[in-house]
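Right, one structure below, let's go through it.
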Amino acid sequence: MTVPNSEMENVVSESFDPADIEKNKVVAALAYILFFIPLVAAPESKFGRYHANQGLILLIVAFVGCFILGMIPILGWLLLPFYSIAIFVLFIIGLVTGLNGKAKPLPLIGKFQLIK
């Protein structure tokens, strides 16, 4: 049984302390620029760790995808700008989500967890 995205967002958002969210909104948003900032600035924050995880996954997907597409002659080079735009859109979504105090997983890649 799969959980619809709106219900999944509510389940994820409810697992964080509102005081933690309010205190670490900016730190969580900075995770999409440098994923380890919340781990250093607010190591006790579950909300910060959640966004650090999302930022790390986005970074890995960006580098691996760009590397793979860069190695494919012609077709990969033609697809690389579109892939870069998709990564930028995910970056903006994560940044806005963190600043708004939400814990919504990024589309397609947000279900993975590397940082606990």
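Lettering and numbering for the structure tokens are positional, with chains as A, B, ... in the shown order, residues counted from 1 in each chain, and ligands counted from 1 in the shown order.
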Polymer residues at most 10 Å from range 18-26 of chain A, only C-alpha atoms, same-chain spacing of 4 or more positions, as a list in words: Ser13, Glu14, Leu30, Ala31, Pro38, Ala41, Ala42, Glu44, Ser45, Lys46, Phe47, Gly48, His51, Leu95, Val96, Thr97, Gly98, Leu99, Asn100, Gly101, Lys102 and Ala103 of chain A
Using only N, CA and C atoms, please write the residues we just selected to a file, as an mmCIF file, in the first residue's frame.
data_model
loop_
_atom_site.group_PDB
_atom_site.id
_atom_site.type_symbol
_atom_site.label_atom_id
_atom_site.label_comp_id
_atom_site.auth_asym_id
_atom_site.auth_seq_id
_atom_site.Cartn_x
_atom_site.Cartn_y
_atom_site.Cartn_z
ATOM 1 N N SER A 13 6.377 15.788 8.312
ATOM 2 C CA SER A 13 6.407 17.078 8.999
ATOM 3 C C SER A 13 6.033 16.960 10.473
ATOM 4 N N GLU A 14 5.133 16.054 10.812
ATOM 5 C CA GLU A 14 4.691 15.905 12.193
ATOM 6 C C GLU A 14 5.748 15.271 13.081
ATOM 7 N N LEU A 30 20.153 26.049 4.037
ATOM 8 C CA LEU A 30 21.563 26.075 3.617
ATOM 9 C C LEU A 30 22.099 24.683 3.296
ATOM 10 N N ALA A 31 21.397 23.649 3.729
ATOM 11 C CA ALA A 31 21.820 22.280 3.437
ATOM 12 C C ALA A 31 21.828 21.996 1.946
ATOM 13 N N PRO A 38 24.074 22.018 8.291
ATOM 14 C CA PRO A 38 23.245 21.693 9.453
ATOM 15 C C PRO A 38 23.910 20.713 10.412
ATOM 16 N N ALA A 41 26.366 23.243 12.275
ATOM 17 C CA ALA A 41 25.736 24.368 12.971
ATOM 18 C C ALA A 41 24.681 23.927 13.982
ATOM 19 N N ALA A 42 23.967 22.851 13.685
ATOM 20 C CA ALA A 42 22.903 22.383 14.583
ATOM 21 C C ALA A 42 22.883 20.857 14.603
ATOM 22 N N GLU A 44 22.203 18.702 16.791
ATOM 23 C CA GLU A 44 21.126 18.053 17.537
ATOM 24 C C GLU A 44 19.776 18.181 16.845
ATOM 25 N N SER A 45 19.687 18.926 15.762
ATOM 26 C CA SER A 45 18.423 19.208 15.086
ATOM 27 C C SER A 45 18.042 18.076 14.129
ATOM 28 N N LYS A 46 16.909 17.418 14.411
ATOM 29 C CA LYS A 46 16.401 16.397 13.501
ATOM 30 C C LYS A 46 15.972 17.020 12.175
ATOM 31 N N PHE A 47 15.391 18.223 12.250
ATOM 32 C CA PHE A 47 14.952 18.934 11.052
ATOM 33 C C PHE A 47 16.161 19.282 10.171
ATOM 34 N N GLY A 48 17.225 19.746 10.780
ATOM 35 C CA GLY A 48 18.441 20.057 10.043
ATOM 36 C C GLY A 48 19.058 18.814 9.408
ATOM 37 N N HIS A 51 17.117 17.752 6.240
ATOM 38 C CA HIS A 51 17.451 18.539 5.049
ATOM 39 C C HIS A 51 18.901 18.328 4.624
ATOM 40 N N LEU A 95 15.310 24.288 -1.224
ATOM 41 C CA LEU A 95 15.612 25.554 -0.556
ATOM 42 C C LEU A 95 14.339 26.204 -0.015
ATOM 43 N N VAL A 96 13.322 26.282 -0.842
ATOM 44 C CA VAL A 96 12.055 26.893 -0.432
ATOM 45 C C VAL A 96 11.384 26.047 0.657
ATOM 46 N N THR A 97 11.430 24.737 0.515
ATOM 47 C CA THR A 97 10.835 23.855 1.517
ATOM 48 C C THR A 97 11.499 24.039 2.869
ATOM 49 N N GLY A 98 12.811 24.116 2.894
ATOM 50 C CA GLY A 98 13.530 24.331 4.147
ATOM 51 C C GLY A 98 13.218 25.678 4.768
ATOM 52 N N LEU A 99 13.178 26.728 3.958
ATOM 53 C CA LEU A 99 12.875 28.064 4.471
ATOM 54 C C LEU A 99 11.443 28.184 4.985
ATOM 55 N N ASN A 100 10.540 27.399 4.417
ATOM 56 C CA ASN A 100 9.150 27.423 4.861
ATOM 57 C C ASN A 100 8.905 26.528 6.069
ATOM 58 N N GLY A 101 9.928 25.834 6.535
ATOM 59 C CA GLY A 101 9.775 24.977 7.711
ATOM 60 C C GLY A 101 9.054 23.680 7.425
ATOM 61 N N LYS A 102 9.094 23.238 6.200
ATOM 62 C CA LYS A 102 8.441 21.982 5.813
ATOM 63 C C LYS A 102 9.486 20.882 5.691
ATOM 64 N N ALA A 103 9.023 19.648 5.739
ATOM 65 C CA ALA A 103 9.906 18.499 5.576
ATOM 66 C C ALA A 103 9.364 17.615 4.462
#
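The space separating CA of Leu69 in chain A from CA of Ala86 in chain A comes to 13.5 Å.
Considering only C-alpha atoms, the residue among A:Leu80, A:Val89, A:Ala29, A:Leu108 positioned nearest to Ile68 in chain A is A:Leu80.
All residues of protein, DNA or RNA that reach within 12 Å of Cys66 in chain A, judged by only C-alpha atoms and not counting those fewer than 2 positions away in the chain, are Leu58, Leu59, Ile60, Val61, Ala62, Phe63, Val64, Ile68, Leu69, Gly70, Met71, Ile72, Gly76, Trp77, Leu78, Leu79, Leu80, Pro81, Phe82, Tyr83, Ser84, Ile85, Ala86 and Ile87 of chain A.
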Emit the selected residues as a PDB file, in the first residue's frame, including C-alpha atoms.
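Listing of selection.pdb after writing:
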ATOM      1  CA  LEU A  58      20.735  15.909  -4.415  1.00  0.00           C
ATOM      2  CA  LEU A  59      24.497  16.500  -4.578  1.00  0.00           C
ATOM      3  CA  ILE A  60      25.217  12.825  -5.309  1.00  0.00           C
ATOM      4  CA  VAL A  61      22.502  12.619  -7.975  1.00  0.00           C
ATOM      5  CA  ALA A  62      23.774  15.828  -9.585  1.00  0.00           C
ATOM      6  CA  PHE A  63      27.403  14.711  -9.769  1.00  0.00           C
ATOM      7  CA  VAL A  64      26.752  11.121 -10.803  1.00  0.00           C
ATOM      8  CA  ILE A  68      27.399   9.752 -16.733  1.00  0.00           C
ATOM      9  CA  LEU A  69      25.761  12.110 -19.226  1.00  0.00           C
ATOM     10  CA  GLY A  70      29.090  13.815 -19.859  1.00  0.00           C
ATOM     11  CA  MET A  71      30.624  10.502 -20.865  1.00  0.00           C
ATOM     12  CA  ILE A  72      27.960   9.716 -23.483  1.00  0.00           C
ATOM     13  CA  GLY A  76      24.509  12.755 -23.383  1.00  0.00           C
ATOM     14  CA  TRP A  77      25.899  16.175 -24.211  1.00  0.00           C
ATOM     15  CA  LEU A  78      22.525  17.214 -25.617  1.00  0.00           C
ATOM     16  CA  LEU A  79      20.663  15.941 -22.524  1.00  0.00           C
ATOM     17  CA  LEU A  80      23.083  17.482 -20.012  1.00  0.00           C
ATOM     18  CA  PRO A  81      21.535  21.000 -20.077  1.00  0.00           C
ATOM     19  CA  PHE A  82      18.065  19.572 -19.415  1.00  0.00           C
ATOM     20  CA  TYR A  83      19.421  17.433 -16.579  1.00  0.00           C
ATOM     21  CA  SER A  84      21.119  20.481 -15.105  1.00  0.00           C
ATOM     22  CA  ILE A  85      17.844  22.414 -15.215  1.00  0.00           C
ATOM     23  CA  ALA A  86      16.069  19.524 -13.459  1.00  0.00           C
ATOM     24  CA  ILE A  87      18.734  19.511 -10.714  1.00  0.00           C
TER      25      ILE A  87
END
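Interatomic distance, CA of Phe88 in chain A to CA of Leu34 in chain A: 14.3 Å.
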Enumerate the residues of chain A with a DSSP assignment of alpha helix (DSSP H), computed from the backbone, and present them as an mmCIF file with C-alpha atoms, in the first residue's frame.
data_model
loop_
_atom_site.group_PDB
_atom_site.id
_atom_site.type_symbol
_atom_site.label_atom_id
_atom_site.label_comp_id
_atom_site.auth_asym_id
_atom_site.auth_seq_id
_atom_site.Cartn_x
_atom_site.Cartn_y
_atom_site.Cartn_z
ATOM 1 C CA ASN A 5 2.322 12.463 -1.268
ATOM 2 C CA SER A 6 0.181 14.881 0.778
ATOM 3 C CA GLU A 7 -0.216 12.299 3.553
ATOM 4 C CA MET A 8 3.497 11.454 3.360
ATOM 5 C CA GLU A 9 4.377 15.134 3.779
ATOM 6 C CA ASN A 10 2.133 15.374 6.850
ATOM 7 C CA VAL A 11 3.638 12.241 8.398
ATOM 8 C CA VAL A 12 7.183 13.530 7.825
ATOM 9 C CA SER A 13 6.407 17.078 8.999
ATOM 10 C CA GLU A 14 4.691 15.905 12.193
ATOM 11 C CA PRO A 18 7.991 22.922 16.007
ATOM 12 C CA ALA A 19 10.616 24.762 18.093
ATOM 13 C CA ASP A 20 13.385 22.871 16.266
ATOM 14 C CA ILE A 21 11.832 23.781 12.912
ATOM 15 C CA GLU A 22 11.484 27.459 13.796
ATOM 16 C CA LYS A 23 15.027 27.684 15.158
ATOM 17 C CA LYS A 25 14.804 26.951 9.105
ATOM 18 C CA VAL A 26 17.721 28.881 7.629
ATOM 19 C CA VAL A 27 20.236 26.188 8.525
ATOM 20 C CA ALA A 28 18.003 23.589 6.849
ATOM 21 C CA ALA A 29 17.778 25.693 3.689
ATOM 22 C CA LEU A 30 21.563 26.075 3.617
ATOM 23 C CA ILE A 37 26.153 22.991 7.313
ATOM 24 C CA PRO A 38 23.245 21.693 9.453
ATOM 25 C CA LEU A 39 25.433 18.878 10.742
ATOM 26 C CA VAL A 40 27.972 21.423 12.006
ATOM 27 C CA ALA A 41 25.736 24.368 12.971
ATOM 28 C CA LYS A 46 16.401 16.397 13.501
ATOM 29 C CA PHE A 47 14.952 18.934 11.052
ATOM 30 C CA GLY A 48 18.441 20.057 10.043
ATOM 31 C CA ARG A 49 19.622 16.455 9.606
ATOM 32 C CA TYR A 50 16.591 15.692 7.423
ATOM 33 C CA HIS A 51 17.451 18.539 5.049
ATOM 34 C CA ALA A 52 21.175 17.692 5.200
ATOM 35 C CA ASN A 53 20.208 14.221 3.971
ATOM 36 C CA GLN A 54 18.098 15.686 1.166
ATOM 37 C CA GLY A 55 20.951 18.023 0.187
ATOM 38 C CA LEU A 56 23.493 15.172 0.174
ATOM 39 C CA ILE A 57 21.285 12.998 -2.023
ATOM 40 C CA LEU A 58 20.735 15.909 -4.415
ATOM 41 C CA LEU A 59 24.497 16.500 -4.578
ATOM 42 C CA ILE A 60 25.217 12.825 -5.309
ATOM 43 C CA VAL A 61 22.502 12.619 -7.975
ATOM 44 C CA ALA A 62 23.774 15.828 -9.585
ATOM 45 C CA PHE A 63 27.403 14.711 -9.769
ATOM 46 C CA VAL A 64 26.752 11.121 -10.803
ATOM 47 C CA GLY A 65 24.197 12.114 -13.431
ATOM 48 C CA CYS A 66 26.399 14.847 -14.884
ATOM 49 C CA PHE A 67 29.361 12.470 -14.954
ATOM 50 C CA ILE A 68 27.399 9.752 -16.733
ATOM 51 C CA LEU A 69 25.761 12.110 -19.226
ATOM 52 C CA GLY A 70 29.090 13.815 -19.859
ATOM 53 C CA MET A 71 30.624 10.502 -20.865
ATOM 54 C CA LEU A 75 23.181 12.340 -26.926
ATOM 55 C CA GLY A 76 24.509 12.755 -23.383
ATOM 56 C CA TRP A 77 25.899 16.175 -24.211
ATOM 57 C CA LEU A 78 22.525 17.214 -25.617
ATOM 58 C CA LEU A 79 20.663 15.941 -22.524
ATOM 59 C CA LEU A 80 23.083 17.482 -20.012
ATOM 60 C CA PRO A 81 21.535 21.000 -20.077
ATOM 61 C CA PHE A 82 18.065 19.572 -19.415
ATOM 62 C CA TYR A 83 19.421 17.433 -16.579
ATOM 63 C CA SER A 84 21.119 20.481 -15.105
ATOM 64 C CA ILE A 85 17.844 22.414 -15.215
ATOM 65 C CA ALA A 86 16.069 19.524 -13.459
ATOM 66 C CA ILE A 87 18.734 19.511 -10.714
ATOM 67 C CA PHE A 88 18.383 23.288 -10.349
ATOM 68 C CA VAL A 89 14.595 22.938 -9.984
ATOM 69 C CA LEU A 90 15.099 20.302 -7.251
ATOM 70 C CA PHE A 91 17.567 22.664 -5.556
ATOM 71 C CA ILE A 92 15.000 25.493 -5.550
ATOM 72 C CA ILE A 93 12.266 23.165 -4.251
ATOM 73 C CA GLY A 94 14.507 22.026 -1.397
ATOM 74 C CA LEU A 95 15.612 25.554 -0.556
ATOM 75 C CA VAL A 96 12.055 26.893 -0.432
ATOM 76 C CA THR A 97 10.835 23.855 1.517
ATOM 77 C CA GLY A 98 13.530 24.331 4.147
ATOM 78 C CA LEU A 99 12.875 28.064 4.471
#
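The coordinates place CA of Pro107 in chain A at 28.0 Å from CA of Pro73 in chain A.
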